[in-house]
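Trainee: Attaching a single structure in structure tokens format; questions to follow.
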Amino acid sequence: MHRVARSSSSPGAAASPPPLPGSPSLKPRKEMNSGPGAMENPGYCTGSLDSLHRPSDDDDDEMVDIAGATLDFSSTEDVPPLSSDYEEYSSSRAAGMNGNGPSRLVDPLDDPLPGLGTYEDFNTIDWVREKSKDRDRHREITNKSRQSTLALLLSVIDAFSGWLLMLLVGLMSGALAGGIDIAAHWLTDLKEGVCLNGFWFNHEHCCWTYNEMTFHERDQCPQWKSWAELIAGTSEGAFAYIVNYSMYIFWALLFAFLAVALVRAFAPYACGSGIPEIKTILSGFIIRGYLGKWTLIIKTITLVLAVSSGLSLGKEGPLVHVACCCANILCHLFTKYRKNEAKRREVLSAAAAVGVSVAFGAPIGGVLFSLEEVSYYFPLKTLWRSFFAALVAAFTLRSINPFGNSRLVLFYVEFHAPWHLLELGPFILLGIFGGLWGAFFIRANIAWCRRRKTTRLGHYPVTEVLVVTAVTALIAFPNSYTRMSGAELISELFNDCSLLDSSQLCGYKQPANSTGAGNSLADRPAGEGLYTALWQLALALIFKMIITVITFGMKVPSGLFIPSMAVGAIAGRLLGVGMEQLAYYNHDWFIFKGWCSPGADCITPGLYAMVGAAACLGGVTRMTVSLVVIMFELTGGLEYIVPLMAATMTSKWVADAFGREGIYEAHIRLNGYPFLEAKEEFDHSSLAVDVMRPRRSDPALAMLTQEGMTVGEVETLVESTHYSGFPVVVSQESQRLVGFVLRRDLLISIDNARKRQEGVVSASHVVFTEHAPSQADDGPPPLRLRGIMDLSPFTVTDHTPMDITVDIFRKLGLRQCLVTHNGRLLGIITKKDILKHMAQIANRDPDSILFN
């Protein structure tokens, strides 16, 4: 929706965007918004056509702060504000029209101009217009295909181009994800040692060729040397421990510094998770450069560095951003996606599914994630293409085999004991814990991020990242469960102890009469190793809960899936071991009688870890169906769907009791994005007339008349206001609505007409009628602009209930809606007006909505 930053002259029309707060290096352009919607650092203006397509020499310095990152207004990596073809087109046409060419009326409908129908940065697209453009294009191709074989072939190619694009997106995303996995594994191991056979080998690959070690010594081989062995010549003793400790901190700080420095210097949009912005973009919002090539390159590199630094973050959320960057760049190869914003968003919805597919090895869960959590518009055709793209990406990742185990999934489990109905009680307890943790995390993280944005802390992103990394490394190294990577920790917690397992979590006492089926073991009493592991896990749980709150939202790529799952998996493993010991020592209790006899394998602690991971992730993100599918795809535990469903649903109910927003919706609201959440209910009894602009105390609505206004008067109106569009009425007296004109299209058409049409001056009349009125013989020719006018703008009456109006905005993706009474124009409602109204109802600050 176009923003409504209303100037004091004439509120009520759709307005152009205000600049964002927190932008230290903004330079003013030709015109500034001096109205109440203007921010304290003005820097983005559309007062003239020059500001649209002729950026100044200093544009690289014009930055703003959005989503905790410094943004560049001059970025044109996506579709630029104006096509470069426009100037060539205008100059060539001007040579013909102003020179020897005949004079004629110029109608953009008959002779479309490059740049018409495009959008400015930080504006919302017109879904209705974009879908209409695509239908017209498709109708034209269909009509031509009946006329010749070549046209039929071109129509087949056009129909197939969507599937080809999906293939390319899947291949590119799968290849990048495989590279990220391999590089992150190598750099993570580099913090602890180096391979003598080749420094590019990680620990596991370095020891593959060594055949002279036992199973228990599989992580020790002469080719792999710890830093203490290389520097001090020994791996034992206090000095060796200090050397390893110091090198661990050094590498962590180096990786974190490189990550934040690259983000700050080359691609400010590469920080964070990216999913809140992806959701907003898919709803129709435009953030130029957010899905560009530099963002893709820097996010790919810094994601590896951030994960390897040991910070409490994951790569799964950022991989959705990476996949969407790939899709956006590849869209430029196909005209129908390059020139249509709505079609491009269908591709980006499929790319979000691809991101989850390559992040977890869960293609079906990825499609459901895109449908449930990310996408705003998800037709059946997009569902099929998402499925195909996720399949291609998963196949590509499996071919690369980054985990070296010939499996696609991130955490493969083999549980042998079935779960019992009475275990639903502990599973629901884990769901309650996950909901409480999710509610706590969202509130704490939003409070910390708000503090970061509003205090001096936000001015020192490099220092913040280095301090948090140093604290994380100092506390994490002594505890083996915090020292290992998040994915490795979760894999360890999901593991079911077998006969050959040497993990500390499997430090049970071995009874003389123990029996087990196959490779599984009967429940056993806990030994010293297990008690030590439980204490370490308890400390790791507290540390992870605190440090994740501070880490998420820093100026490095940071995902939330793995840290949230780690918290839940730790809690689940602790509860699982507790249940196991309770069952072992109390077989005669009534809750265990009949299904847990002595010597049986009753309780599986790894299953509790898996359920806990799903519960905590569900509490943070409020995912349900897609989360359950991702979890059973992730682990292969298909028979444990019911426990996962019970815990996930309980988690959502508990978290919703404290607030219905997930972490992504909370960050969208924190950043002031114009996002109408479909899950949010509107139950207020207000009417359209209560929300529309202008209000009673505001000046009259700025509007155009279908005839009678001159070019000079139109230009004066446009330059004296900052609205993104103007209603067109029959006359100022009747104010009967005729249509709606976008400011951008108006500026382009007038500027182009002055160059192309001989005799167009400030005194020329602007007409929006089908036939130009008669003119005096000695008068200048009129300028017909009916072709750029929307003849069927969406309207509601002044007594339309706002809940119906909100539904119209959500389901049609409207930018603005005009309010009429018996056909007479009264005012306008924009998406920003609705969001401000909803914020007021919820007792929130309406000025927190920065965009429209």
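We label chains A, B, ... in the order they appear in the structure tokens, count residues from 1 in each chain, and number ligands from 1 in the order shown.
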So which residues touch A:Val819 within 10 Å, counting only C-alpha atoms, skipping near sequence neighbours fewer than 6 positions away, as a PyMOL selection string?

Mentor: chain A and resi 688-689+692-693+737+794-800+825-829

Trainee: Please identify all polymer residues within 6 Å of stretch 547-557 of chain A, counting only C-alpha atoms, omitting same-chain residues fewer than 6 positions from it, and present them as a ChimeraX atom specification.

Mentor: /A:260,271-273,303,312,445

Trainee: Once DSSP has gone over the backbone, tell me which residues of stretch 620-821 of chain A are in strand (DSSP E or B), as a PyMOL selection string.

Mentor: chain A and resi 687+693+704-705+709-710+723+725-729+736-742+765-767+783-784+790+795-797+801+816-821

Trainee: So, with only C-alpha atoms as the atoms that count, which of A:Phe387, A:Phe440, A:Phe395, A:Tyr673 lies closest to A:Ser848?

Mentor: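 Under the stated criterion, the closest residue is A:Tyr673.
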
Trainee: Write down as a PyMOL selection string the residues belonging to stretch 221-306 of chain A that are assigned helix (DSSP H, G or I) by DSSP computed on the backbone.

Mentor: chain A and resi 227-231+238-266+268-270+275-282+293-306

Trainee: Rounded to one decimal place, report the atom CA of A:Ile275-atom CA of A:Cys324 distance in Å.

Mentor: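 Distance between the two atoms: 10.1 Å.
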